[in-house]
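Some notes on the structure that comes next.
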Amino acid sequence: MSPFIGSAPRTERWHHLRLTVDDGVATVTFARPEKLNALTFGAYADLRDLLAELSRERAVRALVLGGEGRGFCSGGDVDEIIGATLSMDTAQLLDFNRMTGQVVRAIRECPFPVIAAVHGVAAGAGAVLALAADFRIADPSARFAFLFTRVGLSGGDMGAAYLLPRVVGLGHATRLLMLGEPVRAPEAERIGLLSELTEDGAADARAAELARRLADGPALAHAQTKALLTAELDMPLAASVELDANTQALLMNGEDYAEFHAAFTEKRPPKWRGR
């Protein structure tokens with residue numbers, strides 16, 4: 001994401017999400033607890049635009065995505081999205097579906113790690129947003145459900161058919177996307193959908209702890225690792241090792257690489273600058 005901006009001012013208030021930033025760690029919270037944090041058109045658009053702004057500003061080094069109340073996110077609001085789409089024409093529907101995909105791309109392509117802190121339900125689009133994150137930290141109450149076929153749509157929504165097989169394998173992905181059955185936290189951990197299963201009620205705290213660790217680390221190295229993990233999913237080995245070589249050559253000319261050597265020599269912790 002380019003740091004250069006045009007005439008548009010920085011957004012001072014997000015109407016559909018809650019944002020806090022603390023010393024390089026951003027926390028984005030879905031804040032419609034009375035609706036299990038169901039998404040609206042505005043929530044999708046806010047998340048898309050927020051990720052773009054944070055990526056340009058380069059002040060954020062890790063982001064936690066969470067939900068207020070009893071669950072993470074129950075997906076698209078039945079009345080405000082599903083009901084509204086019934087009266088849209090094809091062009092409008094394509095615009096909407098492209099926007100939801102842009103949110104997933106923004107999560108995958110932003111230059112900082114994204115951690116989904118999941119408790120309770122992560123359903124439909126909520127499950128895909130958690131899937132798109134770099135880390136999924138969940139407590140035992142978490143349950144994931146890719147519900148798209150349950151409403152008569154393809155299970156391959158918002159990039160789910162691309163991402164899920166790469167996380168849990170084709171067999172599990174076929175079952176989850178085809179049947180739409182819920183997967184509770186212990187099974188999600190068993191099949192590799194979770195990065196970590198915490199104790200009851202501890203997902204938010206553990207996600208914040210991981211975000212702090214990442215934010216205090218070598219941010220440029222993290223950004224490049226994330227970029228390579230995404231880019232190399234569809235590359236042949238020869239292209240991958242060449243991209244790795246180019247990336248390492250650039251990073252070896254950076255300040256953080258020299259700082260590690262200086263810190264090692266002086267027997268002190270490195271002072272990472274993300275450069």
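In the structure tokens, the first chain shown is A, the next is B, and so on; residue numbers restart at 1 for each chain, and ligands run from 1 in the order shown.
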Task: Residues of range 42-254 of chain A in alpha helix (DSSP H), written as number ranges by chain - done: A: 42-57, 84-85, 90-109, 125-132, 160-168, 170-179, 185-190, 203-215, 219-231, 237-252
Open item on the list: List the spatial neighbours of Ser154 in chain A as a VMD selection string - criterion: any atom at most 9 Å away, only C-alpha atoms, same-chain residues fewer than 3 positions off excluded.
Closed with: chain A and resid 148 to 149 151 157 177 to 178
Open item on the list: Env of range 223-228 of chain A: 9 Å cut, atoms = only C-alpha atoms, seq-sep filter 6 positions within chain, self excluded. Answer as a list in words.
Closed with: Arg61, Arg108, Glu109, Cys110, Pro111, Phe112, Pro113, Asp134, Ser240, Leu243, Asp244, Thr247 and Leu251 of chain A
Any chance you can output those residues with N, CA, C and O atoms as a short mmCIF file (atom, residue, chain, number, x, y, z; two decimals), in the first residue's frame?
```cif
data_model
loop_
_atom_site.label_atom_id
_atom_site.label_comp_id
_atom_site.auth_asym_id
_atom_site.auth_seq_id
_atom_site.Cartn_x
_atom_site.Cartn_y
_atom_site.Cartn_z
N ARG A 61 1.46 -1.28 13.55
CA ARG A 61 2.35 -2.42 13.33
C ARG A 61 1.67 -3.75 13.62
O ARG A 61 2.24 -4.80 13.35
N ARG A 108 -5.67 -9.25 3.85
CA ARG A 108 -4.53 -10.03 3.41
C ARG A 108 -3.36 -9.16 2.95
O ARG A 108 -2.20 -9.56 3.07
N GLU A 109 -3.64 -7.98 2.40
CA GLU A 109 -2.59 -7.18 1.77
C GLU A 109 -2.09 -6.03 2.62
O GLU A 109 -1.11 -5.38 2.26
N CYS A 110 -2.72 -5.74 3.77
CA CYS A 110 -2.22 -4.66 4.61
C CYS A 110 -0.85 -5.03 5.16
O CYS A 110 -0.57 -6.21 5.39
N PRO A 111 0.04 -4.06 5.37
CA PRO A 111 1.44 -4.36 5.71
C PRO A 111 1.68 -4.60 7.19
O PRO A 111 2.75 -4.29 7.71
N PHE A 112 0.70 -5.13 7.89
CA PHE A 112 0.87 -5.47 9.31
C PHE A 112 0.04 -6.71 9.60
O PHE A 112 -0.95 -6.99 8.92
N PRO A 113 0.45 -7.50 10.59
CA PRO A 113 -0.31 -8.70 10.94
C PRO A 113 -1.68 -8.34 11.52
O PRO A 113 -1.81 -7.37 12.27
N ASP A 134 -4.27 -13.11 9.85
CA ASP A 134 -3.02 -13.87 9.90
C ASP A 134 -3.00 -14.83 11.08
O ASP A 134 -2.36 -15.89 11.02
N SER A 240 9.26 -18.54 -6.42
CA SER A 240 9.23 -18.26 -4.99
C SER A 240 10.63 -18.01 -4.43
O SER A 240 10.85 -17.05 -3.68
N LEU A 243 11.87 -14.65 -5.54
CA LEU A 243 11.25 -13.56 -4.79
C LEU A 243 11.82 -13.50 -3.38
O LEU A 243 12.08 -12.41 -2.85
N ASP A 244 12.04 -14.65 -2.76
CA ASP A 244 12.67 -14.68 -1.44
C ASP A 244 14.05 -14.03 -1.48
O ASP A 244 14.42 -13.26 -0.58
N THR A 247 13.78 -10.26 -1.77
CA THR A 247 13.31 -9.67 -0.51
C THR A 247 14.41 -9.66 0.54
O THR A 247 14.62 -8.65 1.23
N LEU A 251 16.13 -6.48 2.60
CA LEU A 251 16.10 -6.40 4.06
C LEU A 251 17.51 -6.43 4.66
O LEU A 251 17.77 -5.82 5.70
#
```
- [ ] For Ala211 in chain A, list every protein, DNA or RNA residue within 9 Å, evaluated using only C-alpha atoms, and leave out those in the same chain fewer than 2 positions away; present the list as a PyMOL selection string.
- [x] chain A and resi 25-26+61-64+113-115+206-209+213-216
Residues from last step as file, N, CA and C atoms, as a short mmCIF file (atom, residue, chain, number, x, y, z; two decimals), in the first residue's frame:
```
data_model
loop_
_atom_site.label_atom_id
_atom_site.label_comp_id
_atom_site.auth_asym_id
_atom_site.auth_seq_id
_atom_site.Cartn_x
_atom_site.Cartn_y
_atom_site.Cartn_z
N VAL A 25 -0.41 -0.54 18.07
CA VAL A 25 -1.40 -1.62 18.04
C VAL A 25 -2.79 -1.01 17.83
N ALA A 26 -3.43 -1.36 16.74
CA ALA A 26 -4.80 -0.93 16.47
C ALA A 26 -5.75 -2.04 16.90
N ARG A 61 1.46 -1.28 13.55
CA ARG A 61 2.35 -2.42 13.33
C ARG A 61 1.67 -3.75 13.62
N ALA A 62 0.47 -3.72 14.18
CA ALA A 62 -0.33 -4.93 14.39
C ALA A 62 -1.77 -4.48 14.63
N LEU A 63 -2.72 -5.35 14.24
CA LEU A 63 -4.14 -5.00 14.38
C LEU A 63 -4.89 -6.19 14.96
N VAL A 64 -5.74 -5.92 15.94
CA VAL A 64 -6.63 -6.92 16.53
C VAL A 64 -8.05 -6.63 16.06
N PRO A 113 0.45 -7.50 10.59
CA PRO A 113 -0.31 -8.70 10.94
C PRO A 113 -1.68 -8.34 11.52
N VAL A 114 -2.67 -9.14 11.16
CA VAL A 114 -4.03 -8.99 11.67
C VAL A 114 -4.37 -10.21 12.50
N ILE A 115 -4.85 -9.98 13.72
CA ILE A 115 -5.20 -11.05 14.65
C ILE A 115 -6.69 -11.00 14.91
N ARG A 206 -5.26 -12.50 25.08
CA ARG A 206 -4.16 -13.18 24.39
C ARG A 206 -3.88 -12.54 23.05
N ALA A 207 -4.92 -12.12 22.34
CA ALA A 207 -4.73 -11.43 21.06
C ALA A 207 -4.00 -10.11 21.27
N ALA A 208 -4.35 -9.38 22.33
CA ALA A 208 -3.67 -8.12 22.63
C ALA A 208 -2.20 -8.35 22.97
N GLU A 209 -1.93 -9.45 23.70
CA GLU A 209 -0.55 -9.79 24.05
C GLU A 209 0.27 -10.10 22.80
N ARG A 213 3.49 -8.06 21.10
CA ARG A 213 4.75 -8.71 20.73
C ARG A 213 5.11 -8.40 19.28
N LEU A 214 4.13 -8.50 18.39
CA LEU A 214 4.39 -8.22 16.98
C LEU A 214 4.74 -6.75 16.75
N ALA A 215 4.00 -5.86 17.40
CA ALA A 215 4.24 -4.43 17.22
C ALA A 215 5.60 -4.01 17.72
N ASP A 216 6.10 -4.68 18.74
CA ASP A 216 7.42 -4.36 19.29
C ASP A 216 8.55 -5.01 18.51
#
```
Residues near Thr100 in chain A, cut-off 9 Å, only C-alpha atoms, skip fewer than 3 positions along chain, as a PDB file with N, CA, C and O atoms, in the first residue's frame:
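See selection-v3.pdb below for the written result:
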```pdb
ATOM      1  N   TYR A  44     -19.007  -2.875   6.154  1.00  0.00           N
ATOM      2  CA  TYR A  44     -18.066  -3.364   5.148  1.00  0.00           C
ATOM      3  C   TYR A  44     -17.230  -2.217   4.587  1.00  0.00           C
ATOM      4  O   TYR A  44     -15.998  -2.313   4.480  1.00  0.00           O
ATOM      5  N   ALA A  45     -17.902  -1.145   4.203  1.00  0.00           N
ATOM      6  CA  ALA A  45     -17.196  -0.022   3.581  1.00  0.00           C
ATOM      7  C   ALA A  45     -16.224   0.628   4.555  1.00  0.00           C
ATOM      8  O   ALA A  45     -15.105   0.998   4.191  1.00  0.00           O
ATOM      9  N   ARG A  48     -13.130  -1.652   4.904  1.00  0.00           N
ATOM     10  CA  ARG A  48     -12.306  -1.519   3.689  1.00  0.00           C
ATOM     11  C   ARG A  48     -11.494  -0.225   3.719  1.00  0.00           C
ATOM     12  O   ARG A  48     -10.277  -0.231   3.495  1.00  0.00           O
ATOM     13  N   ASP A  95     -21.430  -4.822  -7.476  1.00  0.00           N
ATOM     14  CA  ASP A  95     -20.711  -3.811  -6.694  1.00  0.00           C
ATOM     15  C   ASP A  95     -20.596  -4.233  -5.234  1.00  0.00           C
ATOM     16  O   ASP A  95     -19.535  -4.108  -4.607  1.00  0.00           O
ATOM     17  N   PHE A  96     -21.698  -4.736  -4.674  1.00  0.00           N
ATOM     18  CA  PHE A  96     -21.686  -5.157  -3.272  1.00  0.00           C
ATOM     19  C   PHE A  96     -20.740  -6.322  -3.056  1.00  0.00           C
ATOM     20  O   PHE A  96     -19.908  -6.318  -2.141  1.00  0.00           O
ATOM     21  N   ASN A  97     -20.837  -7.345  -3.897  1.00  0.00           N
ATOM     22  CA  ASN A  97     -19.994  -8.519  -3.710  1.00  0.00           C
ATOM     23  C   ASN A  97     -18.522  -8.214  -3.946  1.00  0.00           C
ATOM     24  O   ASN A  97     -17.652  -8.780  -3.288  1.00  0.00           O
ATOM     25  N   VAL A 103     -12.662  -6.096   1.105  1.00  0.00           N
ATOM     26  CA  VAL A 103     -12.343  -6.130   2.540  1.00  0.00           C
ATOM     27  C   VAL A 103     -11.375  -7.279   2.831  1.00  0.00           C
ATOM     28  O   VAL A 103     -10.375  -7.104   3.543  1.00  0.00           O
ATOM     29  N   VAL A 104     -11.658  -8.454   2.277  1.00  0.00           N
ATOM     30  CA  VAL A 104     -10.777  -9.605   2.496  1.00  0.00           C
ATOM     31  C   VAL A 104      -9.391  -9.328   1.913  1.00  0.00           C
ATOM     32  O   VAL A 104      -8.360  -9.613   2.541  1.00  0.00           O
ATOM     33  N   ARG A 105      -9.334  -8.756   0.722  1.00  0.00           N
ATOM     34  CA  ARG A 105      -8.033  -8.423   0.136  1.00  0.00           C
ATOM     35  C   ARG A 105      -7.287  -7.416   1.003  1.00  0.00           C
ATOM     36  O   ARG A 105      -6.064  -7.520   1.167  1.00  0.00           O
ATOM     37  N   ALA A 125     -20.031 -14.097   6.782  1.00  0.00           N
ATOM     38  CA  ALA A 125     -18.941 -13.160   6.523  1.00  0.00           C
ATOM     39  C   ALA A 125     -18.030 -13.005   7.725  1.00  0.00           C
ATOM     40  O   ALA A 125     -16.829 -12.767   7.581  1.00  0.00           O
ATOM     41  N   ASP A 157     -17.728 -17.642  -0.990  1.00  0.00           N
ATOM     42  CA  ASP A 157     -18.005 -16.207  -0.886  1.00  0.00           C
ATOM     43  C   ASP A 157     -16.793 -15.479  -0.302  1.00  0.00           C
ATOM     44  O   ASP A 157     -16.124 -15.987   0.592  1.00  0.00           O
ATOM     45  N   MET A 158     -16.504 -14.302  -0.802  1.00  0.00           N
ATOM     46  CA  MET A 158     -15.482 -13.413  -0.236  1.00  0.00           C
ATOM     47  C   MET A 158     -14.095 -14.054  -0.218  1.00  0.00           C
ATOM     48  O   MET A 158     -13.262 -13.754   0.619  1.00  0.00           O
TER      49      MET A 158
END
```
Open item on the list: So that I can see what lies close to range 179-181 of chain A, please list as a PyMOL selection string the residues with an atom at most 12 Å from it, counting only C-alpha atoms and leaving out residues fewer than 3 positions away in the same chain.
Closed with: chain A and resi 123-124+127+143-156+172-176+184
Task: Non-local contacts of Leu233 in chain A (12 Å; only C-alpha atoms; under 3 positions in same chain excluded) as a PyMOL selection string - done: chain A and resi 162-163+165-167+226-230+236-237+239-240
Output for the residues just chosen: N, CA, C and O atoms as a PDB file, in the first residue's frame:
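Saved the output as selection25.pdb:
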```
ATOM      1  N   TYR A 162     -10.879 -19.921  -1.819  1.00  0.00           N
ATOM      2  CA  TYR A 162      -9.432 -19.775  -2.024  1.00  0.00           C
ATOM      3  C   TYR A 162      -8.682 -19.965  -0.712  1.00  0.00           C
ATOM      4  O   TYR A 162      -7.704 -20.716  -0.632  1.00  0.00           O
ATOM      5  N   LEU A 163      -9.139 -19.289   0.332  1.00  0.00           N
ATOM      6  CA  LEU A 163      -8.399 -19.260   1.593  1.00  0.00           C
ATOM      7  C   LEU A 163      -8.547 -20.541   2.421  1.00  0.00           C
ATOM      8  O   LEU A 163      -7.569 -21.058   2.958  1.00  0.00           O
ATOM      9  N   PRO A 165      -9.214 -23.854   1.880  1.00  0.00           N
ATOM     10  CA  PRO A 165      -8.420 -25.057   1.597  1.00  0.00           C
ATOM     11  C   PRO A 165      -6.947 -24.889   1.923  1.00  0.00           C
ATOM     12  O   PRO A 165      -6.266 -25.861   2.253  1.00  0.00           O
ATOM     13  N   ARG A 166      -6.452 -23.672   1.838  1.00  0.00           N
ATOM     14  CA  ARG A 166      -5.042 -23.425   2.126  1.00  0.00           C
ATOM     15  C   ARG A 166      -4.763 -23.409   3.624  1.00  0.00           C
ATOM     16  O   ARG A 166      -3.619 -23.512   4.041  1.00  0.00           O
ATOM     17  N   VAL A 167      -5.800 -23.254   4.430  1.00  0.00           N
ATOM     18  CA  VAL A 167      -5.641 -23.261   5.882  1.00  0.00           C
ATOM     19  C   VAL A 167      -5.915 -24.650   6.458  1.00  0.00           C
ATOM     20  O   VAL A 167      -5.151 -25.142   7.299  1.00  0.00           O
ATOM     21  N   LYS A 226       4.521 -11.487   5.599  1.00  0.00           N
ATOM     22  CA  LYS A 226       3.103 -11.581   5.255  1.00  0.00           C
ATOM     23  C   LYS A 226       2.912 -11.475   3.744  1.00  0.00           C
ATOM     24  O   LYS A 226       2.152 -12.251   3.145  1.00  0.00           O
ATOM     25  N   ALA A 227       3.604 -10.530   3.120  1.00  0.00           N
ATOM     26  CA  ALA A 227       3.476 -10.347   1.674  1.00  0.00           C
ATOM     27  C   ALA A 227       3.916 -11.598   0.920  1.00  0.00           C
ATOM     28  O   ALA A 227       3.276 -12.016  -0.051  1.00  0.00           O
ATOM     29  N   LEU A 228       5.004 -12.224   1.363  1.00  0.00           N
ATOM     30  CA  LEU A 228       5.483 -13.427   0.686  1.00  0.00           C
ATOM     31  C   LEU A 228       4.535 -14.597   0.891  1.00  0.00           C
ATOM     32  O   LEU A 228       4.299 -15.392  -0.025  1.00  0.00           O
ATOM     33  N   LEU A 229       3.991 -14.741   2.085  1.00  0.00           N
ATOM     34  CA  LEU A 229       3.050 -15.831   2.335  1.00  0.00           C
ATOM     35  C   LEU A 229       1.844 -15.741   1.411  1.00  0.00           C
ATOM     36  O   LEU A 229       1.332 -16.763   0.922  1.00  0.00           O
ATOM     37  N   THR A 230       1.379 -14.527   1.164  1.00  0.00           N
ATOM     38  CA  THR A 230       0.243 -14.342   0.264  1.00  0.00           C
ATOM     39  C   THR A 230       0.646 -14.518  -1.188  1.00  0.00           C
ATOM     40  O   THR A 230      -0.006 -15.237  -1.951  1.00  0.00           O
ATOM     41  N   PRO A 236       5.203 -21.086  -8.653  1.00  0.00           N
ATOM     42  CA  PRO A 236       6.087 -22.252  -8.694  1.00  0.00           C
ATOM     43  C   PRO A 236       7.311 -22.009  -7.817  1.00  0.00           C
ATOM     44  O   PRO A 236       7.625 -20.856  -7.468  1.00  0.00           O
ATOM     45  N   LEU A 237       8.013 -23.073  -7.463  1.00  0.00           N
ATOM     46  CA  LEU A 237       9.149 -22.960  -6.553  1.00  0.00           C
ATOM     47  C   LEU A 237      10.215 -22.009  -7.080  1.00  0.00           C
ATOM     48  O   LEU A 237      10.767 -21.201  -6.318  1.00  0.00           O
ATOM     49  N   ALA A 239      10.011 -19.366  -8.952  1.00  0.00           N
ATOM     50  CA  ALA A 239       9.618 -17.966  -8.758  1.00  0.00           C
ATOM     51  C   ALA A 239       9.646 -17.594  -7.280  1.00  0.00           C
ATOM     52  O   ALA A 239      10.025 -16.474  -6.919  1.00  0.00           O
ATOM     53  N   SER A 240       9.255 -18.538  -6.419  1.00  0.00           N
ATOM     54  CA  SER A 240       9.232 -18.263  -4.987  1.00  0.00           C
ATOM     55  C   SER A 240      10.629 -18.013  -4.430  1.00  0.00           C
ATOM     56  O   SER A 240      10.852 -17.054  -3.683  1.00  0.00           O
TER      57      SER A 240
END
```
